[in-house]
$ cat query04.cif   # mmCIF, C-alpha atoms
data_upload
#
loop_
_atom_site.label_atom_id
_atom_site.label_comp_id
_atom_site.auth_asym_id
_atom_site.auth_seq_id
_atom_site.Cartn_x
_atom_site.Cartn_y
_atom_site.Cartn_z
CA MET A 1 0.00 0.00 0.00
CA LEU A 2 2.75 2.43 1.02
CA ARG A 3 4.74 1.54 -2.09
CA PHE A 4 1.68 2.21 -4.22
CA LEU A 5 1.01 5.58 -2.62
CA GLY A 6 4.68 6.41 -2.90
CA ARG A 7 4.66 5.68 -6.61
CA PHE A 8 1.46 7.67 -6.94
CA CYS A 9 2.90 10.74 -5.19
CA ALA A 10 6.13 10.40 -7.12
CA GLY A 11 4.14 10.32 -10.32
CA ILE A 12 2.56 13.66 -9.44
CA ALA A 13 5.96 15.19 -8.74
CA ASN A 14 7.42 13.79 -11.94
CA HIS A 15 4.47 15.18 -13.88
CA GLN A 16 5.40 18.68 -12.71
CA ILE A 17 9.10 18.15 -13.47
CA CYS A 18 8.38 16.87 -16.96
CA ARG A 19 6.48 19.97 -18.05
CA MET A 20 9.57 20.68 -20.14
CA SER A 21 8.20 18.03 -22.50
CA THR A 22 5.37 20.45 -23.33
CA LEU A 23 2.60 17.86 -23.04
CA SER A 24 1.97 15.06 -20.59
CA VAL A 25 1.18 11.56 -21.86
CA ALA A 26 -2.50 12.04 -20.91
CA GLU A 27 -2.67 15.31 -22.84
CA ALA A 28 -0.91 13.75 -25.81
CA VAL A 29 -3.39 10.85 -25.83
CA ASN A 30 -6.26 13.35 -25.70
CA ALA A 31 -4.83 15.31 -28.64
CA LEU A 32 -4.40 12.05 -30.57
CA ARG A 33 -8.01 10.99 -30.04
CA PRO A 34 -8.99 11.40 -33.75
CA PHE A 35 -5.94 9.31 -34.67
CA TYR A 36 -6.87 6.56 -32.19
CA PHE A 37 -10.40 6.45 -33.56
CA ALA A 38 -9.02 6.12 -37.09
CA VAL A 39 -6.63 3.24 -36.37
CA HIS A 40 -8.11 1.44 -33.36
CA PRO A 41 -7.94 -2.35 -33.96
CA ASP A 42 -11.58 -2.89 -32.95
CA PHE A 43 -12.71 -1.07 -36.10
CA PHE A 44 -10.87 -3.65 -38.25
CA GLY A 45 -12.76 -6.75 -37.10
CA GLN A 46 -13.19 -8.11 -40.64
CA TYR A 47 -9.60 -7.35 -41.63
CA PRO A 48 -7.30 -9.41 -39.36
CA ARG A 49 -4.04 -8.46 -41.12
CA GLU A 50 -4.63 -4.72 -40.85
CA ARG A 51 -5.94 -5.13 -37.29
CA GLU A 52 -2.80 -6.96 -36.19
CA VAL A 53 -0.52 -4.34 -37.76
CA ASN A 54 -2.38 -1.50 -36.02
CA GLU A 55 -2.46 -3.31 -32.68
CA ASN A 56 1.29 -3.94 -32.70
CA SER A 57 2.04 -0.40 -33.82
CA LEU A 58 -0.18 1.06 -31.09
CA LYS A 59 1.75 -0.92 -28.48
CA GLN A 60 5.03 0.52 -29.78
CA LEU A 61 3.58 4.03 -29.93
CA ASN A 62 2.26 3.95 -26.36
CA SER A 63 5.54 2.56 -25.11
CA TYR A 64 7.39 5.36 -26.92
CA LEU A 65 5.11 8.03 -25.37
CA GLU A 66 5.56 6.60 -21.88
CA CYS A 67 9.35 6.45 -22.26
CA MET A 68 9.44 10.11 -23.28
CA GLN A 69 8.01 11.09 -19.88
CA ARG A 70 10.37 9.03 -17.73
CA PRO A 71 12.73 11.21 -15.68
CA GLY A 72 16.38 10.80 -16.59
CA ARG A 73 15.49 8.99 -19.81
CA LYS A 74 18.16 8.36 -22.39
CA THR A 75 17.80 9.52 -25.98
CA LEU A 76 15.22 7.34 -27.69
CA GLN A 77 16.07 5.54 -30.88
CA PRO A 78 14.00 6.54 -33.94
CA THR A 79 10.94 4.31 -34.17
CA LYS A 80 9.31 3.55 -37.50
CA LEU A 81 5.60 2.74 -37.32
CA THR A 82 3.01 1.69 -39.89
CA PHE A 83 -0.76 2.00 -39.51
CA TYR A 84 -3.65 1.20 -41.79
CA ILE A 85 -6.19 3.99 -42.11
CA ARG A 86 -9.46 4.22 -43.99
CA ASP A 87 -9.04 5.90 -47.38
CA THR A 88 -11.63 8.67 -47.73
CA SER A 89 -10.12 10.77 -50.48
CA SER A 90 -12.80 11.90 -52.90
CA ASP A 91 -10.94 14.93 -54.26
CA PRO A 92 -9.42 14.15 -57.71
CA ASN A 93 -6.70 16.72 -57.01
CA ALA A 94 -5.72 15.13 -53.70
CA PRO A 95 -2.39 13.26 -53.45
CA GLN A 96 -2.65 9.66 -54.59
CA HIS A 97 -2.04 6.93 -52.00
CA HIS A 98 -1.67 3.20 -52.34
CA VAL A 99 -4.97 1.63 -51.26
CA ASN A 100 -5.37 -2.10 -50.68
CA THR A 101 -8.41 -4.11 -51.68
CA SER A 102 -10.02 -3.66 -48.25
CA GLY A 103 -10.22 0.12 -48.71
CA PHE A 104 -7.43 1.00 -46.27
CA ARG A 105 -4.13 2.67 -47.04
CA PRO A 106 -0.89 2.21 -45.10
CA VAL A 107 0.64 5.22 -43.40
CA THR A 108 4.27 5.04 -42.27
CA PHE A 109 6.13 7.60 -40.17
CA THR A 110 9.21 7.73 -37.95
CA LEU A 111 9.17 9.03 -34.39
CA GLN A 112 12.37 10.90 -33.65
CA ASN A 113 11.15 14.08 -31.93
CA LYS A 114 12.43 15.51 -28.65
CA ASP A 115 9.07 16.53 -27.18
CA LEU A 116 5.54 15.14 -27.08
CA LEU A 117 3.97 18.08 -28.88
CA SER A 118 6.16 17.49 -31.92
CA VAL A 119 5.33 13.79 -31.82
CA VAL A 120 1.60 14.55 -31.76
CA VAL A 121 1.85 16.96 -34.68
CA THR A 122 3.96 14.49 -36.69
CA ILE A 123 1.44 11.68 -36.23
CA LEU A 124 -1.59 13.79 -37.09
CA LYS A 125 0.01 15.32 -40.20
CA SER A 126 1.22 11.91 -41.41
CA CYS A 127 -2.38 10.67 -41.32
CA SER A 128 -3.73 13.83 -43.00
CA LEU A 129 -5.55 14.82 -39.80
CA SER A 130 -5.93 18.40 -38.68
CA THR A 131 -3.60 19.82 -35.99
CA ASP A 132 -5.70 22.94 -35.39
CA HIS A 133 -7.08 21.66 -32.08
CA VAL A 134 -3.52 21.22 -30.77
CA GLN A 135 -2.48 24.75 -31.63
CA ASP A 136 -5.78 26.36 -30.59
CA ALA A 137 -5.71 24.70 -27.19
CA GLN A 138 -2.55 26.64 -26.33
CA ILE A 139 -3.37 29.87 -28.13
CA ASP A 140 -6.70 30.16 -26.31
CA LYS A 141 -4.81 30.22 -23.02
CA GLY A 142 -2.60 33.06 -24.22
CA LEU A 143 0.43 30.78 -24.36
CA PRO A 144 3.01 30.72 -27.11
CA GLN A 145 3.16 27.45 -28.97
CA GLN A 146 5.73 24.98 -27.61
CA THR A 147 5.02 25.96 -23.99
CA GLY A 148 3.22 23.48 -21.82
CA THR A 149 2.20 25.31 -18.67
CA ILE A 150 -1.57 24.82 -18.91
CA PRO A 151 -2.38 23.02 -22.18
CA PHE A 152 -5.86 22.05 -23.28
CA GLY A 153 -7.83 24.56 -21.28
CA ARG A 154 -11.06 24.03 -23.19
CA PRO A 155 -12.93 21.11 -24.80
CA ILE A 156 -11.52 20.16 -28.19
CA ARG A 157 -13.56 20.77 -31.33
CA TRP A 158 -12.34 18.44 -34.04
CA ASP A 159 -11.66 19.46 -37.60
CA LYS A 160 -13.86 18.03 -40.37
CA THR A 161 -11.10 15.55 -41.23
CA TYR A 162 -11.79 13.80 -37.91
CA TYR A 163 -15.36 12.98 -38.95
CA THR A 164 -14.25 12.05 -42.46
CA VAL A 165 -11.69 9.51 -41.26
CA THR A 166 -13.73 8.00 -38.42
CA GLY A 167 -17.05 7.94 -40.23
CA TYR A 168 -18.81 9.79 -37.39
CA ARG A 169 -21.47 12.36 -38.21
CA VAL A 170 -20.73 16.06 -37.77
CA PRO A 171 -22.92 17.15 -34.82
CA GLU A 172 -25.60 19.77 -35.42
CA GLU A 173 -24.65 23.30 -34.41
CA GLU A 174 -27.50 23.59 -31.93
CA LEU A 175 -26.07 20.60 -30.03
CA ASP A 176 -22.50 21.90 -29.78
CA TYR A 177 -22.85 22.58 -26.09
CA THR A 178 -23.05 18.88 -25.36
CA VAL A 179 -19.23 18.66 -25.68
CA HIS A 180 -19.06 20.17 -22.19
CA MET A 181 -20.77 17.15 -20.63
CA GLU A 182 -18.58 14.98 -18.50
CA PRO A 183 -18.21 11.60 -19.73
CA ALA A 184 -20.61 9.22 -17.93
CA LEU A 185 -19.64 5.85 -16.32
CA GLY A 186 -20.86 2.55 -17.83
CA TRP A 187 -22.41 2.82 -21.25
CA GLN A 188 -22.38 6.44 -22.25
CA ARG A 189 -25.77 7.74 -23.32
CA SER A 190 -24.48 8.60 -26.79
CA TRP A 191 -23.17 5.10 -27.43
CA GLY A 192 -25.36 3.17 -29.81
CA VAL A 193 -25.85 -0.57 -30.18
CA ALA A 194 -23.11 -0.81 -32.84
CA HIS A 195 -20.58 0.79 -30.50
CA ARG A 196 -21.63 -1.43 -27.61
CA CYS A 197 -21.37 -4.57 -29.73
CA SER A 198 -17.92 -3.49 -30.87
CA GLN A 199 -16.75 -3.09 -27.27
CA LEU A 200 -18.24 -6.45 -26.22
CA HIS A 201 -16.53 -8.10 -29.17
CA SER A 202 -13.27 -6.48 -28.08
CA LEU A 203 -13.77 -7.75 -24.52
CA ALA A 204 -14.47 -11.26 -25.82
CA ARG A 205 -11.16 -11.23 -27.75
CA PHE A 206 -9.37 -9.94 -24.67
CA ILE A 207 -10.81 -12.74 -22.53
CA GLN A 208 -9.60 -15.36 -25.01
CA GLN A 209 -6.09 -13.92 -25.08
CA ASN A 210 -5.68 -13.09 -21.38
CA SER A 211 -7.41 -15.82 -19.40
CA PRO A 212 -4.69 -16.04 -16.66
CA GLU A 213 -5.35 -12.45 -15.51
CA LEU A 214 -9.11 -12.93 -15.25
CA HIS A 215 -9.07 -14.67 -11.86
CA ASN A 216 -8.60 -11.24 -10.28
CA ILE A 217 -11.93 -9.87 -11.49
CA LYS A 218 -14.28 -12.38 -9.86
CA GLY A 219 -17.04 -10.46 -8.09
CA CYS A 220 -16.00 -7.11 -9.63
CA THR A 221 -18.07 -4.79 -11.80
CA LEU A 222 -16.64 -4.00 -15.26
CA ILE A 223 -17.73 -0.87 -17.07
CA PHE A 224 -16.71 0.70 -20.36
CA ALA A 225 -15.54 4.29 -20.00
CA ASP A 226 -13.18 6.82 -21.56
CA ASN A 227 -10.20 5.86 -19.37
CA SER A 228 -8.88 2.66 -17.78
CA GLY A 229 -8.54 2.28 -14.02
CA MET A 230 -10.78 1.97 -10.97
CA ASN A 231 -13.25 4.67 -10.00
CA ALA A 232 -14.13 5.82 -6.51
CA ALA A 233 -17.04 3.35 -6.38
CA GLY A 234 -14.64 0.41 -6.85
CA GLN A 235 -15.75 -0.35 -10.42
CA ILE A 236 -13.14 -1.47 -12.97
CA MET A 237 -13.10 0.94 -15.90
CA LEU A 238 -12.02 -0.36 -19.32
CA GLY A 239 -11.01 2.52 -21.58
CA THR A 240 -12.62 2.21 -24.99
CA VAL A 241 -9.67 3.87 -26.77
CA ASP A 242 -7.05 1.71 -25.02
CA VAL A 243 -5.54 -1.36 -26.62
CA HIS A 244 -5.66 -4.72 -24.87
CA HIS A 245 -2.24 -4.55 -23.23
CA HIS A 246 -3.52 -1.55 -21.23
CA TRP A 247 -6.40 -3.67 -19.97
CA ALA A 248 -3.99 -6.49 -19.12
CA LYS A 249 -1.76 -4.12 -17.11
CA LEU A 250 -4.82 -2.86 -15.27
CA LEU A 251 -5.85 -6.37 -14.24
CA GLU A 252 -2.30 -7.16 -13.12
CA ARG A 253 -2.46 -4.17 -10.76
CA LEU A 254 -5.97 -5.00 -9.59
CA PRO A 255 -4.89 -6.43 -6.17
CA ILE A 256 -3.22 -3.07 -5.44
CA TYR A 257 -6.39 -1.19 -6.41
CA CYS A 258 -8.50 -3.50 -4.23
CA ASP A 259 -6.14 -2.94 -1.30
CA LEU A 260 -6.44 0.82 -1.75
CA HIS A 261 -10.22 0.55 -1.94
CA SER A 262 -10.23 -1.33 1.38
CA HIS A 263 -8.17 1.44 2.97
CA LEU A 264 -10.64 3.93 1.51
CA SER A 265 -13.53 2.16 3.25
CA VAL A 266 -11.73 2.33 6.60
CA LEU A 267 -10.95 6.00 6.10
CA LYS A 268 -14.60 6.72 5.29
CA GLU A 269 -15.70 5.04 8.54
CA ARG A 270 -13.25 7.09 10.59
CA THR A 271 -14.33 10.32 8.89
CA SER A 272 -17.99 9.45 9.37
CA TYR A 273 -17.42 8.93 13.11
CA LEU A 274 -15.96 12.44 13.44
CA LEU A 275 -19.07 13.82 11.74
CA GLY A 276 -21.79 12.11 13.78
CA ASP A 277 -22.10 9.06 11.49
CA VAL A 278 -22.95 11.10 8.40
CA GLU A 279 -22.73 9.05 5.17
CA LEU A 280 -19.96 9.99 2.70
CA ILE A 281 -21.21 9.11 -0.77
CA TYR A 282 -19.84 9.12 -4.30
CA ASP A 283 -22.63 9.56 -6.86
CA GLU A 284 -21.83 9.52 -10.59
CA ASP A 285 -25.06 11.39 -11.33
CA LEU A 286 -24.18 14.28 -9.00
CA GLN A 287 -20.45 14.73 -9.60
CA PRO A 288 -17.85 14.11 -12.31
CA THR A 289 -16.06 10.78 -12.58
CA VAL A 290 -13.38 10.48 -9.88
CA MET A 291 -10.63 7.88 -10.01
CA LEU A 292 -9.92 5.82 -6.89
CA GLU A 293 -6.48 7.33 -6.27
CA ASP A 294 -7.84 10.87 -6.54
CA TYR A 295 -10.77 10.18 -4.23
CA TYR A 296 -8.52 8.59 -1.61
CA ARG A 297 -6.30 11.67 -1.68
CA MET A 298 -9.35 13.94 -1.37
CA LEU A 299 -10.75 12.03 1.59
CA LYS A 300 -7.38 11.86 3.32
CA THR A 301 -7.03 15.66 3.05
CA PHE A 302 -10.54 16.10 4.45
CA TYR A 303 -9.89 13.66 7.32
CA GLN A 304 -6.61 15.30 8.29
CA ASN A 305 -8.37 18.66 8.57
CA LEU A 306 -10.88 17.13 11.00
CA ILE A 307 -8.62 14.94 13.14
CA VAL A 308 -6.81 17.92 14.69
CA ILE A 309 -9.83 18.52 16.94
CA GLN A 310 -12.34 16.40 18.84
CA PRO A 311 -15.34 14.96 16.97
CA LEU A 312 -17.48 17.85 15.72
CA PHE A 313 -20.79 16.12 16.51
CA HIS A 314 -22.20 13.58 18.94
CA PRO A 315 -22.11 9.98 17.68
CA ARG A 316 -25.06 9.10 15.41
CA SER A 317 -26.44 12.65 15.65
CA LEU A 318 -26.17 13.12 11.87
CA LYS A 319 -27.04 9.57 10.82
CA GLY A 320 -29.12 9.66 7.65
CA LEU A 321 -27.45 12.77 6.21
CA GLN A 322 -25.21 12.51 3.16
CA ILE A 323 -22.03 14.40 2.21
CA ILE A 324 -20.51 14.66 -1.27
CA LEU A 325 -16.87 15.80 -1.31
CA GLN A 326 -15.79 18.34 -3.90
CA ASN A 327 -12.16 18.75 -4.91
CA ASP A 328 -12.25 22.52 -5.15
CA SER A 329 -12.32 25.62 -2.97
CA SER A 330 -16.02 26.40 -3.37
CA ALA A 331 -18.25 27.22 -0.44
CA PRO A 332 -20.32 24.45 1.21
CA SER A 333 -23.79 24.09 -0.31
CA LEU A 334 -27.00 22.10 0.01
CA LEU A 335 -28.00 20.27 -3.17
CA GLN A 336 -31.58 20.05 -4.34
CA ALA A 337 -31.57 16.29 -3.78
CA GLY A 338 -30.59 16.80 -0.12
CA GLN A 339 -26.85 16.06 -0.15
CA LEU A 340 -24.39 18.41 1.56
CA SER A 341 -21.70 19.41 -0.95
CA ILE A 342 -18.49 20.06 0.99
CA PRO A 343 -15.03 21.07 -0.37
CA VAL A 344 -12.21 18.92 1.00
CA THR A 345 -10.37 22.00 2.28
CA CYS A 346 -13.34 23.30 4.27
CA ASP A 347 -12.39 24.72 7.67
CA PRO A 348 -13.76 22.54 10.55
CA THR A 349 -15.43 25.52 12.26
CA THR A 350 -17.14 26.56 9.02
CA LEU A 351 -18.15 22.96 8.37
CA GLN A 352 -19.66 22.58 11.84
CA TRP A 353 -21.67 25.78 11.51
CA PHE A 354 -22.90 24.91 8.00
CA ILE A 355 -24.09 21.41 8.93
CA GLN A 356 -25.86 22.66 12.07
CA ALA A 357 -27.60 25.37 10.04
CA HIS A 358 -28.71 23.10 7.19
CA SER A 359 -29.12 19.61 8.67
CA GLN A 360 -32.89 19.86 9.16
CA ARG A 361 -33.50 21.23 5.66
CA ALA A 362 -31.22 18.51 4.24
CA ARG A 363 -33.34 15.81 5.89
CA THR A 364 -36.47 17.41 4.44
CA TYR A 365 -34.94 17.47 0.95
CA LEU A 366 -33.86 13.83 1.24
CA ARG A 367 -37.37 12.73 2.22
CA LYS A 368 -38.86 14.79 -0.60
CA GLU A 369 -36.43 13.26 -3.10
CA GLU A 370 -37.34 9.76 -1.94
CA GLU A 371 -41.04 10.55 -2.41
CA LEU A 372 -40.35 12.04 -5.85
CA GLU A 373 -38.47 8.93 -6.96
CA LEU A 374 -41.40 6.72 -5.97
CA LYS A 375 -43.82 9.04 -7.77
CA GLN A 376 -41.51 9.13 -10.78
CA LYS A 377 -41.56 5.31 -11.09
CA THR A 378 -45.36 5.27 -11.00
CA LEU A 379 -45.69 8.01 -13.63
CA ILE A 380 -43.15 6.35 -15.94
CA ARG A 381 -45.13 3.11 -15.76
CA ASP A 382 -48.39 4.99 -16.48
CA CYS A 383 -46.87 6.79 -19.49
CA ILE A 384 -45.47 3.57 -20.95
CA GLU A 385 -48.84 1.85 -20.66
CA ARG A 386 -50.87 4.78 -22.01
CA PHE A 387 -48.71 5.61 -25.05
CA GLY A 388 -47.45 2.10 -25.80
CA LEU A 389 -43.82 3.13 -25.34
CA LYS A 390 -41.09 0.53 -25.46
CA ARG A 391 -39.02 2.54 -23.01
CA LEU A 392 -39.19 5.84 -21.12
CA TYR A 393 -36.13 7.09 -19.24
CA LYS A 394 -34.27 10.28 -18.33
CA GLU A 395 -30.73 11.60 -18.57
CA PRO A 396 -28.86 11.80 -15.24
CA SER A 397 -28.81 15.59 -15.50
CA VAL A 398 -32.63 15.67 -15.33
CA SER A 399 -33.85 15.78 -11.72
CA SER A 400 -36.64 13.63 -10.34
CA GLN A 401 -38.77 16.76 -9.89
CA GLN A 402 -38.31 17.72 -13.54
CA MET A 403 -39.12 14.16 -14.65
CA VAL A 404 -42.30 14.11 -12.58
CA LYS A 405 -43.48 17.39 -14.11
CA CYS A 406 -42.69 16.12 -17.61
CA CYS A 407 -44.60 12.85 -17.14
CA GLN A 408 -47.60 14.68 -15.66
CA ARG A 409 -47.76 16.95 -18.71
CA LEU A 410 -47.50 13.97 -21.04
CA LEU A 411 -50.45 12.29 -19.35
CA GLU A 412 -52.51 15.50 -19.40
CA GLY A 413 -51.93 16.15 -23.11
CA HIS A 414 -53.22 14.49 -26.26
CA ILE A 415 -50.05 13.12 -27.78
CA GLY A 416 -49.96 10.44 -30.43
CA GLU A 417 -47.35 8.79 -32.63
CA LEU A 418 -45.40 7.35 -29.66
CA GLN A 419 -46.37 3.70 -30.07
CA GLY A 420 -43.30 1.44 -29.79
CA MET A 421 -40.84 4.30 -29.35
CA HIS A 422 -37.92 4.79 -26.94
CA LEU A 423 -38.38 8.21 -25.32
CA CYS A 424 -35.52 9.90 -23.47
CA ILE A 425 -36.22 12.97 -21.32
CA SER A 426 -33.29 15.35 -21.62
CA HIS A 427 -32.61 19.08 -22.02
CA PHE A 428 -32.77 19.29 -25.82
CA TYR A 429 -34.38 17.80 -28.91
CA THR A 430 -32.45 15.17 -30.86
CA VAL A 431 -32.55 11.60 -32.15
CA LEU A 432 -29.86 9.22 -30.85
CA GLN A 433 -27.95 6.71 -32.98
CA ASP A 434 -30.32 3.88 -32.11
CA GLY A 435 -33.44 5.88 -32.83
CA ASP A 436 -34.23 6.98 -29.27
CA LEU A 437 -36.16 10.26 -29.35
CA CYS A 438 -34.84 12.91 -26.93
CA VAL A 439 -37.10 15.75 -25.80
CA PRO A 440 -36.47 18.40 -23.11
CA TRP A 441 -38.26 17.89 -19.81
CA ASP A 442 -39.99 21.27 -20.28
CA TRP A 443 -41.02 20.47 -23.88
CA LYS A 444 -43.21 22.87 -25.80
CA TRP A 445 -46.09 22.09 -28.14
#
$ encode --input "query04.cif" --output "structure tokens"
Amino acid sequence: MLRFLGRFCAGIANHQICRMSTLSVAEAVNALRPFYFAVHPDFFGQYPREREVNENSLKQLNSYLECMQRPGRKTLQPTKLTFYIRDTSSDPNAPQHHVNTSGFRPVTFTLQNKDLLSVVVTILKSCSLSTDHVQDAQIDKGLPQQTGTIPFGRPIRWDKTYYTVTGYRVPEEELDYTVHMEPALGWQRSWGVAHRCSQLHSLARFIQQNSPELHNIKGCTLIFADNSGMNAAGQIMLGTVDVHHHWAKLLERLPIYCDLHSHLSVLKERTSYLLGDVELIYDEDLQPTVMLEDYYRMLKTFYQNLIVIQPLFHPRSLKGLQIILQNDSSAPSLLQAGQLSIPVTCDPTTLQWFIQAHSQRARTYLRKEEELELKQKTLIRDCIERFGLKRLYKEPSVSSQQMVKCCQRLLEGHIGELQGMHLCISHFYTVLQDGDLCVPWDWKW
């Protein structure tokens, strides 16, 4: 455990030292997202030769990126890589490439750059992908290019070449704001059946090739997400843009993650005792995704602020209340659903005053939320039966109160054409990949 935390803390320090490399590995991977989508082996299921070439090259590329960030690293030898990429050239004046019978063309480039930013630009240009998002991410922060103090300060908007190469549709302008949504755990709402089947097929191949490592996952929950690791809830996250050797490394380290999660449970109990047996919760619907290591560090900081004094409340005096920790310096607040949102750096005196002042209202909100959830289930069932819906559900960002109001209006109105449909209550109008119809909770006629 101590070795793990030591490596974790050392990794943070090394990350600061290696800013001279302009980008971190995580930032480089983010900038290379359109490239990963274009060459990911799971998109080459019917083309085993091209899939194998891309999988081996991705392993070499990721190893090269990781080596560039190691402190005291020696000069890396030039690495020549080849990837197969979908040929989408429809312009007769465009440069001619060799295209095989499967419709893919090989792209070969050599990595021999001194910093990660140059590597990223080289890869993207070699594959005829735009580099505008790399440059804009630094310019928007007022930084000269080639400096890496605070890169990627805003969500990336991909160039049209990204959609051309990957085959994804260009999103409608009125839905651009959805790029600010945090990625959800499990199956993301925007993932269609085709994407889910692709990931399950990838998992099936992984299981066949890595059966010895699978004994570690018995009794665990696996979810597909944007990054690999373990989240604060103890769920194993399989990154959808990672290749299989990343998954294998994750499962090899699983006993360490499980040990850390056990320590987290003990720390939560000790913190709860200091706060009158209040419940410390992690809710994916109410806060962004938090990795296990980050949440342990947050809770440890919070606990150390409290342990310097005697317990703030009598034992069991706050039982039934819920606290959500926030890793920022915001002021304490009471959420609509009844949870107390507390920053980890909150002063104990301020925390004690805030909880005493809001505990009764928090209990009222929690009871009201419980009643709303029961009412919501009844109304959803009534709407499904009345309109013949196949499914009626809401996005996590829609509250139970908003869902109740929406369902009540649906039942009061004269709405047809919903027979057999999947209806999603959201904040905007759209149609998802699988045909689910999204309408805002406060829809207008």
$ closest_atom_pairs --input "query04.cif" --of "range 233-252 of chain A" --to "range 61-64 of chain A" --cutoff "10 Å" --atoms "all atoms listed in the file" --output "tab-separated table"
residue	atom	partner	partner_atom	distance
A:Asp242	CA	A:Asn62	CA	9.7
A:Val243	CA	A:Asn62	CA	9.4
A:His246	CA	A:Asn62	CA	9.5
$ atom_distance --input "query04.cif" --atom1 "CA of Gln401 in chain A" --atom2 "CA of Gly420 in chain A"
25.5 Å
$ resolve_selection --input "query04.cif" --expression "the PyMOL selection byres ((chain A and resi 79-86) around 9)" --output "JSON, numbers by chain"
{"A": [38, 39, 50, 51, 53, 54, 55, 57, 58, 60, 61, 64, 76, 77, 78, 87, 88, 99, 102, 103, 104, 105, 106, 107, 108, 109, 110, 111, 112, 127, 165, 166]}
$ closest_residue --input "query04.cif" --among "A:Gly192, A:Gly276, A:Gly416, A:Pro34" --to "Lys319 in chain A" --atoms "all atoms listed in the file"
A:Gly276
$ residues_around --input "query04.cif" --residues "His261 in chain A" --least-positions-apart "2" --cutoff "10 Å" --atoms "all atoms listed in the file" --output "PyMOL selection string"
chain A and resi 230-234+255-259+263-267+292-293+295-296
$ write_last_selection --input "query04.cif" --atoms "C-alpha atoms" --output "tab-separated table (two decimals), in the coordinates of the input"
chain	number	residue	atom	x	y	z
A	230	MET	CA	-10.78	1.97	-10.97
A	231	ASN	CA	-13.25	4.67	-10.00
A	232	ALA	CA	-14.13	5.82	-6.51
A	233	ALA	CA	-17.04	3.35	-6.38
A	234	GLY	CA	-14.64	0.41	-6.85
A	255	PRO	CA	-4.89	-6.43	-6.17
A	256	ILE	CA	-3.22	-3.07	-5.44
A	257	TYR	CA	-6.39	-1.19	-6.41
A	258	CYS	CA	-8.50	-3.50	-4.23
A	259	ASP	CA	-6.14	-2.94	-1.30
A	263	HIS	CA	-8.17	1.44	2.97
A	264	LEU	CA	-10.64	3.93	1.51
A	265	SER	CA	-13.53	2.16	3.25
A	266	VAL	CA	-11.73	2.33	6.60
A	267	LEU	CA	-10.95	6.00	6.10
A	292	LEU	CA	-9.92	5.82	-6.89
A	293	GLU	CA	-6.48	7.33	-6.27
A	295	TYR	CA	-10.77	10.18	-4.23
A	296	TYR	CA	-8.52	8.59	-1.61
$ closest_residue --input "query04.cif" --among "A:Ala225, A:Ala337, A:Met403, A:Met68" --to "Asp285 in chain A" --atoms "all atoms listed in the file"
A:Ala337
$ atom_distance --input "query04.cif" --atom1 "CA of Cys197 in chain A" --atom2 "CA of Ser426 in chain A"
24.6 Å
